[in-house]
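Source file: entry-v1.cif (mmCIF, C-alpha atoms and all ligand atoms)
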```cif
data_target
loop_
_atom_site.label_atom_id
_atom_site.label_comp_id
_atom_site.auth_asym_id
_atom_site.auth_seq_id
_atom_site.Cartn_x
_atom_site.Cartn_y
_atom_site.Cartn_z
CA MET X 1 -20.64 17.67 3.39
CA ASN X 2 -18.47 15.02 1.80
CA THR X 3 -18.76 11.52 3.21
CA LEU X 4 -15.72 9.33 3.74
CA LEU X 5 -16.67 5.66 3.52
CA LEU X 6 -14.71 3.41 5.87
CA LEU X 7 -14.27 -0.07 4.49
CA PRO X 8 -13.14 -2.91 6.77
CA VAL X 9 -10.58 -5.18 5.13
CA GLY X 10 -10.97 -8.60 6.69
CA LYS X 11 -11.79 -8.72 10.39
CA ILE X 12 -11.45 -5.37 12.18
CA GLU X 13 -12.65 -4.46 15.67
CA VAL X 14 -15.81 -2.39 15.27
CA SER X 15 -14.76 -0.04 18.09
CA ILE X 16 -11.57 0.90 16.21
CA LEU X 17 -13.57 1.91 13.12
CA ARG X 18 -16.16 3.73 15.20
CA ASP X 19 -13.51 5.71 17.09
CA LEU X 20 -11.72 6.49 13.81
CA SER X 21 -14.88 7.78 12.21
CA ILE X 22 -15.52 10.09 15.19
CA ALA X 23 -11.91 11.28 15.22
CA ILE X 24 -11.81 12.05 11.48
CA SER X 25 -15.08 13.98 11.63
CA GLY X 26 -13.61 15.91 14.55
CA SER X 27 -10.47 16.82 12.61
CA LEU X 28 -11.84 17.61 9.15
CA GLU X 29 -15.06 18.88 7.63
CA VAL X 30 -15.93 15.36 6.58
CA ALA X 31 -18.71 12.97 7.54
CA CYS X 32 -17.78 9.31 8.01
CA GLU X 33 -19.79 6.20 7.41
CA ILE X 34 -18.71 2.62 8.14
CA LEU X 35 -19.65 0.35 5.25
CA PRO X 36 -21.70 -2.71 6.20
CA TYR X 37 -19.57 -5.09 4.16
CA VAL X 38 -15.98 -6.31 4.27
CA LEU X 39 -13.31 -6.50 1.59
CA ASP X 40 -11.57 -9.87 1.65
CA PRO X 41 -7.81 -9.30 1.32
CA THR X 42 -7.01 -12.97 0.59
CA PRO X 43 -6.56 -12.54 -3.20
CA CYS X 44 -3.92 -9.84 -2.51
CA TYR X 45 -1.78 -12.13 -0.35
CA HIS X 46 1.68 -13.00 -1.68
CA PRO X 47 3.10 -16.05 0.09
CA GLU X 48 6.66 -15.30 -0.99
CA ARG X 49 6.49 -12.08 1.10
CA GLN X 50 3.86 -13.20 3.59
CA GLN X 51 2.29 -9.79 3.06
CA TYR X 52 -0.60 -8.22 1.16
CA HIS X 53 0.00 -6.04 -1.89
CA SER X 54 -1.67 -2.72 -1.09
CA SER X 55 -1.99 -1.64 -4.75
CA GLU X 56 -4.03 -4.76 -5.41
CA ILE X 57 -6.31 -3.91 -2.49
CA LEU X 58 -6.81 -0.44 -4.02
CA GLN X 59 -7.68 -2.05 -7.36
CA ARG X 60 -10.30 -4.24 -5.70
CA MET X 61 -11.74 -1.25 -3.85
CA GLN X 62 -12.02 0.62 -7.12
CA ALA X 63 -14.61 -1.93 -8.26
CA LEU X 64 -16.81 -0.96 -5.27
CA VAL X 65 -16.85 2.77 -5.98
CA ARG X 66 -20.17 4.10 -7.24
CA PRO X 67 -20.33 7.39 -9.15
CA GLN X 68 -21.85 9.25 -6.18
CA ASP X 69 -19.19 8.08 -3.69
CA TRP X 70 -16.64 10.63 -2.53
CA ARG X 71 -13.70 8.80 -0.92
CA PHE X 72 -13.11 5.26 0.37
CA LEU X 73 -10.69 4.53 3.18
CA ALA X 74 -10.01 0.85 3.76
CA VAL X 75 -8.69 -0.23 7.16
CA ALA X 76 -6.78 -3.49 7.34
CA GLU X 77 -5.13 -5.57 10.06
CA VAL X 78 -2.90 -7.34 7.57
CA ASP X 79 0.66 -6.29 6.76
CA LEU X 80 0.85 -4.27 3.52
CA TYR X 81 3.63 -3.79 1.00
CA ILE X 82 4.42 -2.54 -2.45
CA PRO X 83 7.16 -4.34 -4.38
CA ILE X 84 9.83 -1.64 -4.02
CA LEU X 85 9.41 -1.31 -0.23
CA LYS X 86 9.65 -3.68 2.72
CA TYR X 87 6.27 -2.54 3.98
CA VAL X 88 3.88 0.40 3.84
CA PHE X 89 1.61 1.86 6.52
CA GLY X 90 -0.83 2.71 3.79
CA GLU X 91 -1.27 3.67 0.18
CA ALA X 92 -3.50 6.09 -1.68
CA GLN X 93 -4.50 6.92 -5.20
CA ILE X 94 -3.23 10.46 -5.71
CA ALA X 95 -6.30 12.46 -6.73
CA GLY X 96 -8.24 9.20 -6.82
CA ARG X 97 -10.95 8.01 -4.50
CA CYS X 98 -9.39 5.06 -2.68
CA ALA X 99 -6.87 4.75 0.10
CA VAL X 100 -5.92 1.96 2.46
CA VAL X 101 -4.22 1.95 5.85
CA SER X 102 -2.97 -0.94 7.95
CA LEU X 103 -3.04 -1.33 11.72
CA HIS X 104 -0.40 -4.06 11.59
CA ARG X 105 2.71 -1.94 12.18
CA LEU X 106 0.86 0.70 14.21
CA ARG X 107 0.42 -1.71 17.09
CA GLN X 108 3.00 -1.60 19.87
CA GLU X 109 2.78 -5.40 20.07
CA PHE X 110 4.39 -5.58 16.62
CA TYR X 111 7.54 -4.07 18.16
CA GLY X 112 7.45 -6.36 21.19
CA LEU X 113 5.96 -3.64 23.43
CA ASP X 114 2.82 -3.56 25.56
CA ARG X 115 -0.50 -2.92 23.86
CA ASP X 116 -1.50 0.75 23.88
CA ASP X 117 -4.98 1.40 22.51
CA ASP X 118 -4.76 5.20 22.75
CA LEU X 119 -1.48 5.30 20.84
CA LEU X 120 -2.88 2.88 18.25
CA ARG X 121 -5.89 5.15 17.68
CA GLN X 122 -3.69 8.25 17.38
CA ARG X 123 -1.44 6.56 14.84
CA LEU X 124 -4.40 5.28 12.86
CA LEU X 125 -5.95 8.76 12.77
CA LYS X 126 -2.69 10.28 11.53
CA GLU X 127 -2.21 7.65 8.85
CA SER X 128 -5.83 7.95 7.76
CA ILE X 129 -5.68 11.74 7.37
CA HIS X 130 -2.33 11.36 5.61
CA GLU X 131 -3.67 8.93 2.99
CA LEU X 132 -6.91 10.85 2.61
CA GLY X 133 -4.75 13.92 2.00
CA HIS X 134 -3.03 12.13 -0.88
CA THR X 135 -6.41 11.40 -2.50
CA LEU X 136 -7.05 15.14 -2.24
CA GLU X 137 -3.82 15.83 -4.15
CA LEU X 138 -1.70 16.74 -1.13
CA HIS X 139 1.93 15.74 -1.38
CA HIS X 140 4.48 15.13 1.37
CA CYS X 141 5.14 18.11 3.59
CA GLN X 142 8.58 19.25 4.76
CA ASP X 143 7.24 20.14 8.21
CA TYR X 144 7.88 16.98 10.28
CA ARG X 145 5.03 17.89 12.64
CA CYS X 146 2.49 18.02 9.83
CA VAL X 147 0.37 14.94 9.29
CA MET X 148 1.41 15.04 5.60
CA ALA X 149 5.11 14.55 6.45
CA SER X 150 6.47 11.29 5.07
CA SER X 151 7.24 8.52 7.54
CA HIS X 152 9.24 5.39 7.04
CA ALA X 153 9.12 4.22 10.64
CA VAL X 154 6.48 4.32 13.31
CA GLU X 155 8.53 6.75 15.43
CA TRP X 156 8.12 9.32 12.66
CA ILE X 157 4.36 8.94 12.84
CA ASP X 158 4.55 9.67 16.57
CA LEU X 159 6.51 12.86 15.87
CA ARG X 160 3.70 14.16 13.72
CA GLU X 161 0.72 15.91 15.14
CA ALA X 162 -2.71 14.62 14.17
CA ALA X 163 -3.20 17.88 12.32
CA LEU X 164 -2.20 19.56 9.12
CA CYS X 165 0.19 22.50 9.00
CA GLY X 166 -1.30 25.82 7.90
CA SER X 167 -0.33 25.41 4.28
CA CYS X 168 -1.62 21.80 3.96
CA ARG X 169 -4.80 22.73 5.82
CA ALA X 170 -5.51 25.55 3.37
CA LYS X 171 -4.99 23.13 0.46
CA ILE X 172 -7.23 20.43 1.92
CA GLU X 173 -9.96 22.89 2.81
CA SER X 174 -10.10 24.19 -0.74
CA LYS X 175 -10.34 20.58 -1.98
CA LEU X 176 -13.06 19.74 0.55
CA ASN X 177 -15.04 22.71 -0.66
CA GLU X 178 -15.01 21.42 -4.22
CA SER X 179 -18.06 19.54 -5.36
CA ALA X 180 -18.35 16.04 -3.91
CA GLY X 181 -19.55 14.83 -7.28
CA GLN X 182 -16.36 15.66 -9.13
CA VAL X 183 -14.60 12.68 -10.56
CA THR X 184 -10.85 12.81 -10.78
CA GLY X 185 -8.19 10.35 -11.90
CA ASN X 186 -8.92 6.79 -11.00
CA ASP X 187 -6.02 5.17 -12.76
CA VAL X 188 -4.44 3.15 -9.99
CA ALA X 189 -1.34 2.17 -11.92
CA ALA X 190 -0.45 5.74 -12.75
CA GLN X 191 -1.51 7.35 -9.54
CA VAL X 192 -0.39 5.16 -6.68
CA ARG X 193 1.82 6.48 -3.99
CA SER X 194 2.90 4.78 -0.84
CA SER X 195 2.97 6.32 2.59
ZN ZN X 201 2.00 20.32 5.89
ZN ZN X 202 2.45 9.69 2.05
#
```
Take the structure in the file and give it back as structure tokens.
Ligand SMILES: [Zn+2]
Ligand SMILES: [Zn+2]
Amino acid sequence: MNTLLLLPVGKIEVSILRDLSIAISGSLEVACEILPYVLDPTPCYHPERQQYHSSEILQRMQALVRPQDWRFLAVAEVDLYIPILKYVFGEAQIAGRCAVVSLHRLRQEFYGLDRDDDLLRQRLLKESIHELGHTLELHHCQDYRCVMASSHAVEWIDLREAALCGSCRAKIESKLNESAGQVTGNDVAAQVRSS
């Protein structure tokens, strides 16, 4: 079975990563492992935006990938952006091996609402499967309930189910069945895609 490596970016609650790893393994034929080290996002901070450039985080992750590694999913608390957008929930290398998601705008507190740990975990699971799907060459899906639907606001994430539609599921299953050792495009600049 392929192993998804979960990489904490900065300080992340261990229970969030542990619950995410259980939830992903329950949704997909994928094993999860939490890496014992942390990626420091500080070099990716841009004071003029007071945000962290997600493509730069992906570039730094790329340096950690060993030939035998399948996919890396970084989980950050910090607010992410790419220059053409106000913010992103996450970013992935299409057909690459790295993706990053942020908890920042998944938290109800960000919107001035009461903390909701269950909702936070659901949103994180959806975003994580979505970005992992991009690394497995899945594109945005027209079915708004599918986890591969695009979302530009948190309400859209809530509309999605934490599952893939039939067509996306078939695509991801065929990708998951491919050899874990296959190396595909790792060119961040050419392959990036925001959530
Ligand atoms: Zn779909
Ligand atoms: Zn997307």
Of the candidates X:Ser102, X:Ser167, X:Gln59, X:Gln93, which shows the shortest atom-to-atom distance to Ile12 of chain X, using all atoms listed in the file?
X:Ser102
Within 12 Å of ligand ZN 202 (chain X), counting only C-alpha atoms and all ligand atoms, which protein or nucleic acid residues do you find, written as a ChimeraX atom specification?
/X:88-94,99-101,126-142,146-152,157,192-195
For the residues in the current selection, export C-alpha atoms as a PDB file, in the frame of the given file.
```pdb
ATOM      1  CA  VAL X  88       3.880   0.400   3.840  1.00  0.00           C
ATOM      2  CA  PHE X  89       1.610   1.860   6.520  1.00  0.00           C
ATOM      3  CA  GLY X  90      -0.830   2.710   3.790  1.00  0.00           C
ATOM      4  CA  GLU X  91      -1.270   3.670   0.180  1.00  0.00           C
ATOM      5  CA  ALA X  92      -3.500   6.090  -1.680  1.00  0.00           C
ATOM      6  CA  GLN X  93      -4.500   6.920  -5.200  1.00  0.00           C
ATOM      7  CA  ILE X  94      -3.230  10.460  -5.710  1.00  0.00           C
ATOM      8  CA  ALA X  99      -6.870   4.750   0.100  1.00  0.00           C
ATOM      9  CA  VAL X 100      -5.920   1.960   2.460  1.00  0.00           C
ATOM     10  CA  VAL X 101      -4.220   1.950   5.850  1.00  0.00           C
ATOM     11  CA  LYS X 126      -2.690  10.280  11.530  1.00  0.00           C
ATOM     12  CA  GLU X 127      -2.210   7.650   8.850  1.00  0.00           C
ATOM     13  CA  SER X 128      -5.830   7.950   7.760  1.00  0.00           C
ATOM     14  CA  ILE X 129      -5.680  11.740   7.370  1.00  0.00           C
ATOM     15  CA  HIS X 130      -2.330  11.360   5.610  1.00  0.00           C
ATOM     16  CA  GLU X 131      -3.670   8.930   2.990  1.00  0.00           C
ATOM     17  CA  LEU X 132      -6.910  10.850   2.610  1.00  0.00           C
ATOM     18  CA  GLY X 133      -4.750  13.920   2.000  1.00  0.00           C
ATOM     19  CA  HIS X 134      -3.030  12.130  -0.880  1.00  0.00           C
ATOM     20  CA  THR X 135      -6.410  11.400  -2.500  1.00  0.00           C
ATOM     21  CA  LEU X 136      -7.050  15.140  -2.240  1.00  0.00           C
ATOM     22  CA  GLU X 137      -3.820  15.830  -4.150  1.00  0.00           C
ATOM     23  CA  LEU X 138      -1.700  16.740  -1.130  1.00  0.00           C
ATOM     24  CA  HIS X 139       1.930  15.740  -1.380  1.00  0.00           C
ATOM     25  CA  HIS X 140       4.480  15.130   1.370  1.00  0.00           C
ATOM     26  CA  CYS X 141       5.140  18.110   3.590  1.00  0.00           C
ATOM     27  CA  GLN X 142       8.580  19.250   4.760  1.00  0.00           C
ATOM     28  CA  CYS X 146       2.490  18.020   9.830  1.00  0.00           C
ATOM     29  CA  VAL X 147       0.370  14.940   9.290  1.00  0.00           C
ATOM     30  CA  MET X 148       1.410  15.040   5.600  1.00  0.00           C
ATOM     31  CA  ALA X 149       5.110  14.550   6.450  1.00  0.00           C
ATOM     32  CA  SER X 150       6.470  11.290   5.070  1.00  0.00           C
ATOM     33  CA  SER X 151       7.240   8.520   7.540  1.00  0.00           C
ATOM     34  CA  HIS X 152       9.240   5.390   7.040  1.00  0.00           C
ATOM     35  CA  ILE X 157       4.360   8.940  12.840  1.00  0.00           C
ATOM     36  CA  VAL X 192      -0.390   5.160  -6.680  1.00  0.00           C
ATOM     37  CA  ARG X 193       1.820   6.480  -3.990  1.00  0.00           C
ATOM     38  CA  SER X 194       2.900   4.780  -0.840  1.00  0.00           C
ATOM     39  CA  SER X 195       2.970   6.320   2.590  1.00  0.00           C
TER      40      SER X 195
END
```
Got a sec: who's within 10 Å of Thr42 of chain X, counting only C-alpha atoms, leaving out chain neighbours fewer than 6 positions off, as a PyMOL selection string?
chain X and resi 9-10+52+57+78
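Of note, atom CA of Arg169 of chain X and atom CA of Leu5 of chain X are spaced 20.9 Å apart.
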Pick out the closest residue to Ile24 of chain X from this set: X:Gln50, X:Ser174, X:Gln122, X:Gln62. Count only C-alpha atoms.
X:Gln122
Using only C-alpha atoms and all ligand atoms, can you tell me which of X:Asn177, X:Leu120, X:Val30, X:Arg145 comes closest to ligand ZN 201 (chain X)?
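Among the listed residues, X:Arg145 lies closest to ligand ZN 201 (chain X).
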Which of these, X:Glu173, X:Asp69, X:Asp143, X:Glu109, has the shortest distance to ligand ZN 201 (chain X) once you count all atoms listed in the file?
X:Asp143
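With all atoms listed in the file taken into account, the protein and nucleic acid residues at most 7 Å from His53 of chain X (excluding it and anything under 2 positions from it in its own chain) are Cys44, Tyr45, Gln51, Ser55, Glu56, Ile57, Leu80, Tyr81 and Ile82 of chain X.
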Find the distance between atom CA of Ser54 of chain X and atom CA of Cys165 of chain X and write it in Å to one decimal.
27.2 Å
Please write out, as JSON, where the centre of an axis-aligned box around all listed atoms of segment 80-89 of chain X lies and how long its edges are, in Å to one decimal, after adding 3 Å on each side.
```
{"center_x": 5.3, "center_y": -1.2, "center_z": 1.1, "size_x": 15.0, "size_y": 12.2, "size_z": 16.9}
```
Gly26 of chain X: which residues within 12 Å, counting all atoms listed in the file, same-chain residues fewer than 6 positions away excluded, as JSON, numbers by chain?
{"X": [19, 20, 32, 125, 129, 162, 163]}
Suppose you want the space between atom CA of Arg71 of chain X and atom CA of Leu4 of chain X; what is it in Å?
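Answer for the atom CA of Arg71 of chain X to atom CA of Leu4 of chain X separation: 5.1 Å.
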List the spatial neighbours of Ala23 of chain X as a PyMOL selection string - criterion: any atom at most 9 Å away, all atoms listed in the file, same-chain residues fewer than 5 positions off excluded.
chain X and resi 18+28+121+125
Dump as a CSV table (one decimal), in the frame of the given file, selection limited to C-alpha atoms:
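This is the output file out-v2.csv:
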```csv
chain,number,residue,atom,x,y,z
X,18,ARG,CA,-16.2,3.7,15.2
X,28,LEU,CA,-11.8,17.6,9.2
X,121,ARG,CA,-5.9,5.2,17.7
X,125,LEU,CA,-6.0,8.8,12.8
```
Shortest interatomic distance to ligand ZN 201 (chain X) - which of X:Leu64, X:Leu176, X:Leu164, X:Ile34, counting only C-alpha atoms and all ligand atoms
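Of X:Leu64, X:Leu176, X:Leu164, X:Ile34, the one nearest ligand ZN 201 (chain X) is X:Leu164, counting only C-alpha atoms and all ligand atoms.
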